[in-house]
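The file model_36.cif comes next; it holds mmCIF, C-alpha atoms.
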data_run
loop_
_atom_site.group_PDB
_atom_site.id
_atom_site.type_symbol
_atom_site.label_atom_id
_atom_site.label_comp_id
_atom_site.auth_asym_id
_atom_site.auth_seq_id
_atom_site.Cartn_x
_atom_site.Cartn_y
_atom_site.Cartn_z
ATOM 1 C CA MET A 28 12.182 -13.803 9.771
ATOM 2 C CA LYS A 29 15.503 -12.242 10.741
ATOM 3 C CA LEU A 30 15.315 -8.488 11.183
ATOM 4 C CA PHE A 31 18.291 -6.255 10.530
ATOM 5 C CA LYS A 32 17.420 -2.657 11.421
ATOM 6 C CA ASN A 33 14.937 0.196 11.613
ATOM 7 C CA GLY A 34 11.574 -1.455 12.270
ATOM 8 C CA PHE A 35 11.177 -3.045 8.872
ATOM 9 C CA ILE A 36 8.073 -5.000 9.841
ATOM 10 C CA LEU A 37 6.314 -1.806 10.939
ATOM 11 C CA ALA A 38 7.013 -0.380 7.518
ATOM 12 C CA LEU A 39 5.493 -3.464 5.931
ATOM 13 C CA ILE A 40 2.277 -3.011 7.890
ATOM 14 C CA SER A 41 1.576 0.454 6.589
ATOM 15 C CA ILE A 42 2.516 0.522 2.890
ATOM 16 C CA PHE A 43 2.238 -1.198 -0.435
ATOM 17 C CA LEU A 44 5.374 -2.844 -1.815
ATOM 18 C CA ILE A 45 6.248 -1.533 -5.260
ATOM 19 C CA SER A 46 9.200 -1.819 -7.611
ATOM 20 C CA CYS A 47 11.386 1.156 -8.388
ATOM 21 C CA SER A 48 10.386 1.060 -12.041
ATOM 22 C CA ASP A 49 6.878 2.232 -11.101
ATOM 23 C CA ASP A 50 7.899 5.834 -10.424
ATOM 24 C CA ASP A 51 10.825 8.021 -11.439
ATOM 25 C CA ASP A 52 9.840 11.030 -9.295
ATOM 26 C CA TYR A 53 12.668 10.596 -6.793
ATOM 27 C CA SER A 54 12.566 12.267 -3.406
ATOM 28 C CA LEU A 55 14.348 11.738 -0.092
ATOM 29 C CA GLY A 56 10.893 11.506 1.448
ATOM 30 C CA LYS A 57 9.934 8.473 -0.652
ATOM 31 C CA TYR A 58 10.897 4.860 -0.265
ATOM 32 C CA TRP A 59 10.289 1.601 -2.070
ATOM 33 C CA ILE A 60 10.179 -1.978 -0.815
ATOM 34 C CA THR A 61 10.754 -4.996 -3.005
ATOM 35 C CA THR A 62 12.352 -8.438 -2.979
ATOM 36 C CA GLY A 63 15.898 -9.033 -4.152
ATOM 37 C CA THR A 64 19.232 -10.769 -3.700
ATOM 38 C CA VAL A 65 22.381 -9.429 -2.047
ATOM 39 C CA VAL A 66 25.540 -9.505 -4.188
ATOM 40 C CA LYS A 67 28.542 -9.244 -1.875
ATOM 41 C CA THR A 68 31.743 -7.747 -3.277
ATOM 42 C CA THR A 69 35.161 -7.791 -1.630
ATOM 43 C CA ASP A 70 34.362 -4.942 0.730
ATOM 44 C CA TYR A 71 30.836 -3.819 -0.119
ATOM 45 C CA PHE A 72 27.555 -5.032 -1.602
ATOM 46 C CA PHE A 73 24.768 -4.215 -4.013
ATOM 47 C CA ILE A 74 21.287 -5.643 -4.489
ATOM 48 C CA THR A 75 19.669 -7.129 -7.581
ATOM 49 C CA THR A 76 15.896 -6.837 -7.327
ATOM 50 C CA ASP A 77 13.553 -9.523 -8.604
ATOM 51 C CA GLY A 78 12.554 -6.991 -11.241
ATOM 52 C CA GLY A 79 16.124 -7.035 -12.577
ATOM 53 C CA ASP A 80 17.365 -3.660 -11.296
ATOM 54 C CA ASN A 81 20.819 -3.354 -9.741
ATOM 55 C CA LEU A 82 20.819 -1.022 -6.728
ATOM 56 C CA TRP A 83 24.106 0.528 -5.604
ATOM 57 C CA PRO A 84 23.967 1.676 -1.941
ATOM 58 C CA SER A 85 25.541 5.121 -1.956
ATOM 59 C CA ALA A 86 24.309 5.276 1.636
ATOM 60 C CA THR A 87 23.115 2.497 3.917
ATOM 61 C CA ASN A 88 21.787 1.864 7.390
ATOM 62 C CA VAL A 89 22.880 -1.771 7.127
ATOM 63 C CA SER A 90 26.476 -2.861 7.674
ATOM 64 C CA PRO A 91 27.948 -5.034 4.895
ATOM 65 C CA ASP A 92 29.354 -7.248 7.661
ATOM 66 C CA GLU A 93 25.796 -8.375 8.449
ATOM 67 C CA LEU A 94 25.219 -9.673 4.921
ATOM 68 C CA GLU A 95 26.138 -12.742 2.905
ATOM 69 C CA ASP A 96 26.409 -13.148 -0.844
ATOM 70 C CA GLY A 97 23.192 -14.601 -2.254
ATOM 71 C CA LEU A 98 21.032 -13.595 0.724
ATOM 72 C CA ARG A 99 17.364 -13.224 -0.245
ATOM 73 C CA VAL A 100 15.905 -10.038 1.233
ATOM 74 C CA PHE A 101 13.129 -7.516 1.379
ATOM 75 C CA VAL A 102 14.903 -4.216 0.749
ATOM 76 C CA ASN A 103 13.545 -0.837 1.866
ATOM 77 C CA TYR A 104 15.330 1.863 -0.115
ATOM 78 C CA THR A 105 15.232 5.467 -1.269
ATOM 79 C CA ILE A 106 16.330 6.254 -4.823
ATOM 80 C CA LEU A 107 18.988 8.960 -4.916
ATOM 81 C CA GLY A 108 19.378 9.045 -8.686
ATOM 82 C CA ASP A 109 19.914 7.125 -11.909
ATOM 83 C CA ALA A 110 23.278 5.434 -12.351
ATOM 84 C CA ASN A 111 25.488 6.367 -15.279
ATOM 85 C CA ASP A 112 25.580 4.228 -18.410
ATOM 86 C CA GLY A 113 28.199 1.490 -18.326
ATOM 87 C CA GLU A 114 28.480 1.304 -14.540
ATOM 88 C CA GLY A 115 26.527 -1.919 -14.273
ATOM 89 C CA TYR A 116 23.923 -0.396 -11.945
ATOM 90 C CA ASP A 117 20.506 1.109 -12.506
ATOM 91 C CA TYR A 118 20.078 3.322 -9.442
ATOM 92 C CA TYR A 119 22.067 4.915 -6.670
ATOM 93 C CA VAL A 120 20.069 4.349 -3.491
ATOM 94 C CA LYS A 121 20.033 4.695 0.247
ATOM 95 C CA VAL A 122 19.288 1.314 1.856
ATOM 96 C CA ASN A 123 16.996 2.110 4.763
ATOM 97 C CA SER A 124 16.630 -1.461 6.024
ATOM 98 C CA LEU A 125 16.797 -5.104 5.004
ATOM 99 C CA SER A 126 14.858 -8.130 6.196
ATOM 100 C CA GLU A 127 15.890 -11.676 5.372
ATOM 101 C CA ILE A 128 13.466 -13.794 3.338
ATOM 102 C CA LEU A 129 13.052 -17.372 4.496
ATOM 103 C CA THR A 130 15.127 -19.488 2.084
ATOM 104 C CA LYS A 131 14.998 -23.292 2.040
ATOM 105 C CA PRO A 132 15.589 -26.291 -0.225
ATOM 106 C CA ILE A 133 12.809 -28.664 -1.251
ATOM 107 C CA PHE A 134 11.884 -31.111 1.531
ATOM 108 C CA ASN A 135 11.754 -34.623 0.086
ATOM 109 C CA PHE A 136 9.357 -37.254 1.392
ATOM 110 C CA THR A 137 10.778 -40.704 0.595
ATOM 111 C CA ALA A 138 9.887 -44.250 1.560
ATOM 112 C CA GLU A 139 12.158 -43.791 4.587
ATOM 113 C CA THR A 140 10.419 -40.624 5.820
ATOM 114 C CA THR A 141 8.619 -41.425 9.078
ATOM 115 C CA GLU A 142 5.081 -40.390 9.918
ATOM 116 C CA GLU A 143 6.522 -38.386 12.818
ATOM 117 C CA VAL A 144 8.585 -36.306 10.404
ATOM 118 C CA LYS A 145 5.616 -35.852 8.061
ATOM 119 C CA ASP A 146 3.465 -34.721 10.994
ATOM 120 C CA SER A 147 6.114 -32.188 11.994
ATOM 121 C CA ILE A 148 6.034 -30.711 8.467
ATOM 122 C CA GLY A 149 2.316 -30.209 9.006
ATOM 123 C CA ASN A 150 -1.009 -30.204 7.183
ATOM 124 C CA ASP A 151 -2.420 -26.912 8.379
ATOM 125 C CA ALA A 152 -4.183 -24.587 5.968
ATOM 126 C CA VAL A 153 -2.113 -22.178 3.893
ATOM 127 C CA THR A 154 -3.153 -20.131 0.868
ATOM 128 C CA ILE A 155 -0.755 -19.539 -2.015
ATOM 129 C CA VAL A 156 -1.316 -16.011 -3.323
ATOM 130 C CA ASP A 157 1.387 -15.801 -5.980
ATOM 131 C CA THR A 158 4.516 -17.512 -7.283
ATOM 132 C CA TRP A 159 7.464 -16.348 -9.385
ATOM 133 C CA PHE A 160 10.966 -17.455 -10.263
ATOM 134 C CA THR A 161 14.248 -15.777 -9.374
ATOM 135 C CA ASN A 162 17.074 -17.753 -10.967
ATOM 136 C CA ASP A 163 16.830 -21.187 -9.278
ATOM 137 C CA TYR A 164 14.395 -20.051 -6.598
ATOM 138 C CA LEU A 165 10.653 -20.523 -6.635
ATOM 139 C CA ASN A 166 9.285 -17.626 -4.600
ATOM 140 C CA VAL A 167 5.943 -18.207 -2.921
ATOM 141 C CA GLN A 168 3.751 -15.500 -1.435
ATOM 142 C CA PHE A 169 1.285 -17.074 0.982
ATOM 143 C CA GLU A 170 -1.319 -16.300 3.646
ATOM 144 C CA TYR A 171 -2.105 -18.166 6.844
ATOM 145 C CA GLY A 172 -3.967 -17.731 10.110
ATOM 146 C CA GLY A 173 -2.315 -17.051 13.443
ATOM 147 C CA GLY A 174 -1.311 -14.129 15.559
ATOM 148 C CA MET A 175 -0.316 -15.238 19.065
ATOM 149 C CA GLY A 176 3.415 -15.178 18.396
ATOM 150 C CA TYR A 177 3.963 -18.898 17.752
ATOM 151 C CA THR A 178 6.644 -20.016 15.305
ATOM 152 C CA HIS A 179 5.132 -21.453 12.116
ATOM 153 C CA PHE A 180 6.870 -24.012 9.883
ATOM 154 C CA ILE A 181 6.610 -23.688 6.103
ATOM 155 C CA ASN A 182 8.096 -26.118 3.573
ATOM 156 C CA LEU A 183 7.853 -27.025 -0.096
ATOM 157 C CA VAL A 184 7.518 -30.815 -0.302
ATOM 158 C CA LYS A 185 8.203 -33.316 -3.078
ATOM 159 C CA ASP A 186 6.763 -36.756 -2.298
ATOM 160 C CA THR A 187 8.165 -39.786 -4.134
ATOM 161 C CA GLU A 188 4.859 -41.603 -3.510
ATOM 162 C CA ASP A 189 2.920 -38.814 -5.222
ATOM 163 C CA LEU A 190 5.579 -37.503 -7.568
ATOM 164 C CA GLU A 191 3.916 -36.432 -10.822
ATOM 165 C CA THR A 192 0.608 -35.459 -12.367
ATOM 166 C CA ASP A 193 -0.838 -37.544 -15.186
ATOM 167 C CA GLU A 194 0.762 -35.042 -17.576
ATOM 168 C CA GLY A 195 4.213 -35.551 -16.053
ATOM 169 C CA ALA A 196 4.551 -32.316 -14.047
ATOM 170 C CA ILE A 197 6.429 -32.709 -10.756
ATOM 171 C CA ILE A 198 4.106 -32.075 -7.808
ATOM 172 C CA LEU A 199 5.374 -29.591 -5.224
ATOM 173 C CA GLU A 200 3.144 -28.961 -2.212
ATOM 174 C CA LEU A 201 3.454 -26.027 0.161
ATOM 175 C CA LYS A 202 2.992 -27.426 3.660
ATOM 176 C CA HIS A 203 2.351 -25.518 6.882
ATOM 177 C CA ASN A 204 2.562 -26.363 10.576
ATOM 178 C CA LYS A 205 1.086 -23.603 12.742
ATOM 179 C CA ASN A 206 2.279 -25.355 15.932
ATOM 180 C CA GLY A 207 -1.031 -24.745 17.653
ATOM 181 C CA ASP A 208 -1.184 -21.011 16.970
ATOM 182 C CA PRO A 209 -4.891 -20.035 17.162
ATOM 183 C CA TYR A 210 -6.432 -18.091 14.297
ATOM 184 C CA SER A 211 -6.541 -14.459 15.400
ATOM 185 C CA TYR A 212 -6.142 -12.788 12.021
ATOM 186 C CA LEU A 213 -4.843 -13.419 8.526
ATOM 187 C CA GLN A 214 -1.122 -12.927 7.977
ATOM 188 C CA TRP A 215 1.142 -13.171 4.973
ATOM 189 C CA SER A 216 4.759 -13.841 4.108
ATOM 190 C CA VAL A 217 7.125 -14.817 1.291
ATOM 191 C CA ALA A 218 9.557 -17.738 1.134
ATOM 192 C CA SER A 219 12.167 -18.609 -1.503
ATOM 193 C CA PHE A 220 12.733 -22.298 -2.255
ATOM 194 C CA ASP A 221 15.822 -23.586 -4.063
ATOM 195 C CA ILE A 222 14.459 -25.953 -6.716
ATOM 196 C CA SER A 223 17.738 -26.549 -8.583
ATOM 197 C CA GLU A 224 17.579 -30.261 -7.671
ATOM 198 C CA LEU A 225 14.823 -30.623 -10.285
ATOM 199 C CA GLN A 226 17.232 -29.897 -13.136
ATOM 200 C CA GLU A 227 17.937 -32.800 -15.483
ATOM 201 C CA ASP A 228 20.900 -33.245 -17.813
ATOM 202 C CA GLY A 229 20.064 -32.582 -21.437
ATOM 203 C CA GLN A 230 16.972 -30.534 -20.637
ATOM 204 C CA SER A 231 16.470 -26.818 -20.170
ATOM 205 C CA SER A 232 13.128 -26.769 -18.354
ATOM 206 C CA VAL A 233 10.750 -28.826 -16.255
ATOM 207 C CA ASP A 234 7.051 -28.414 -15.486
ATOM 208 C CA ILE A 235 6.063 -28.251 -11.821
ATOM 209 C CA TYR A 236 2.566 -28.456 -10.362
ATOM 210 C CA VAL A 237 2.197 -26.269 -7.265
ATOM 211 C CA ARG A 238 -0.558 -26.728 -4.699
ATOM 212 C CA ALA A 239 -1.481 -26.274 -1.033
ATOM 213 C CA LEU A 240 -4.234 -27.415 1.330
ATOM 214 C CA ASP A 241 -6.929 -24.898 2.244
ATOM 215 C CA LYS A 242 -8.934 -24.797 5.478
ATOM 216 C CA GLU A 243 -11.522 -27.157 3.978
ATOM 217 C CA GLY A 244 -8.829 -29.756 3.328
ATOM 218 C CA ALA A 245 -9.003 -29.305 -0.445
ATOM 219 C CA TYR A 246 -6.115 -28.449 -2.729
ATOM 220 C CA GLN A 247 -5.895 -24.885 -4.002
ATOM 221 C CA TYR A 248 -3.686 -22.920 -6.401
ATOM 222 C CA ASN A 249 -3.146 -26.043 -8.543
ATOM 223 C CA LYS A 250 -1.044 -24.368 -11.213
ATOM 224 C CA VAL A 251 1.517 -25.739 -13.642
ATOM 225 C CA LEU A 252 4.628 -23.553 -13.776
ATOM 226 C CA THR A 253 7.544 -24.001 -16.153
ATOM 227 C CA TYR A 254 10.936 -23.790 -14.446
ATOM 228 C CA GLU A 255 13.389 -22.765 -17.167
ATOM 229 C CA TYR A 256 16.818 -23.215 -15.675
ATOM 230 C CA GLN A 257 18.924 -22.088 -18.613
ATOM 231 C CA GLN A 258 17.403 -18.623 -18.665
ATOM 232 C CA ASN A 259 14.809 -17.261 -16.287
ATOM 233 C CA GLU A 260 12.998 -14.023 -16.954
ATOM 234 C CA VAL A 261 13.266 -11.601 -14.051
ATOM 235 C CA GLN A 262 9.909 -11.058 -12.447
ATOM 236 C CA ALA A 263 8.771 -8.286 -10.117
ATOM 237 C CA ARG A 264 5.788 -8.429 -7.782
ATOM 238 C CA THR A 265 3.708 -5.874 -5.912
ATOM 239 C CA PHE A 266 2.470 -6.842 -2.456
ATOM 240 C CA LYS A 267 -0.218 -5.449 -0.242
ATOM 241 C CA ALA A 268 1.452 -5.378 3.158
ATOM 242 C CA ASP A 269 -1.135 -4.610 5.793
ATOM 243 C CA ASP A 270 -0.809 -7.761 7.914
ATOM 244 C CA ILE A 271 1.829 -8.648 10.498
ATOM 245 C CA MET A 272 4.185 -11.486 9.656
ATOM 246 C CA THR A 273 4.530 -14.138 12.360
ATOM 247 C CA THR A 274 7.929 -15.768 12.780
ATOM 248 C CA ILE A 275 8.242 -18.653 10.312
ATOM 249 C CA ARG A 276 10.964 -21.173 9.569
#

Could you take the file, read its structure, and then write that structure out as structure tokens?
Amino acid sequence: MKLFKNGFILALISIFLISCSDDDDYSLGKYWITTGTVVKTTDYFFITTDGGDNLWPSATNVSPDELEDGLRVFVNYTILGDANDGEGYDYYVKVNSLSEILTKPIFNFTAETTEEVKDSIGNDAVTIVDTWFTNDYLNVQFEYGGGMGYTHFINLVKDTEDLETDEGAIILELKHNKNGDPYSYLQWSVASFDISELQEDGQSSVDIYVRALDKEGAYQYNKVLTYEYQQNEVQARTFKADDIMTTIR
């Protein structure tokens, strides 16, 4: 996870993540943390949260030069006030800090994929806690064991040799390689996966079956989600953030 400023991970350890719609009692002593996407303008930026709110940074601790359009982030912000009607924003805010969310495409296993590559993707235990869509991203909140500072690999895999369920849903498996990191305590993180390659001409949605291997070697989560790529509802999530996030990629 790439850190920008102001000890963002320490903030994650001590609070619950909530969306700004949960409370309209604004105070400079309060802050919110949620997931969102950076929208870069010619010389500035704003953030669209996964809950659908547009945040205009009237003040910021993060330089626009550090950001790219479309960057997926955790945003720590203080609400300064409601924006005026017709401005295209919902809140004026102070951006206290940003942390980049791991963002990746689907990793495809094909007939040409070697066992060495598959082993590097990993088969270590990982628990899917929640999933939600943001435009063409499938966001996955997950938990995993570790804690000694090793870099963990996380990927969303589509395997052509195990492509669909009997009902025709495309199987996507969250795979984890802990790279030998011993289990010291449970940690959590969020990753955003670009699933736009699943779109098909003449259709507006596709069913996907999401799963992951648990520590017993059995599949868990096992949910069918409908990816509607003509119009996705914005979805907000609340996270309990009392575990340290190990570096993942």

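Counting from atom CA of A:Gly113, the distance to atom CA of A:Leu55 is 25.1 Å.
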
For this structure, which residues satisfy the selection - the PyMOL selection byres ((chain A and resi 131) around 6) - when it is evaluated on the file as given? I want them as a JSON list (two decimals) with C-alpha atoms, in the coordinates of the input.
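After the write, out-v5.json holds the following:
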[["chain", "number", "residue", "atom", "x", "y", "z"],
["A", 130, "THR", "CA", 15.13, -19.49, 2.08],
["A", 132, "PRO", "CA", 15.59, -26.29, -0.22],
["A", 220, "PHE", "CA", 12.73, -22.30, -2.26]]

> Evaluating the PyMOL selection byres ((chain A and resi 205) around 10) on the displayed file yields which residues, as a VMD selection string?
Replying inline: chain A and resid 147 to 153 171 to 173 177 to 181 203 to 204 206 to 210 275

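Omitting A:Ile128 and its sequence neighbours fewer than 5 positions away, and counting all atoms listed in the file, the residues within 6 Å are Arg99, Val100 and Ala218 of chain A.
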
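With atom CA of A:Ser219 on one side and atom CA of A:Trp83 on the other, the separation reads 22.9 Å.
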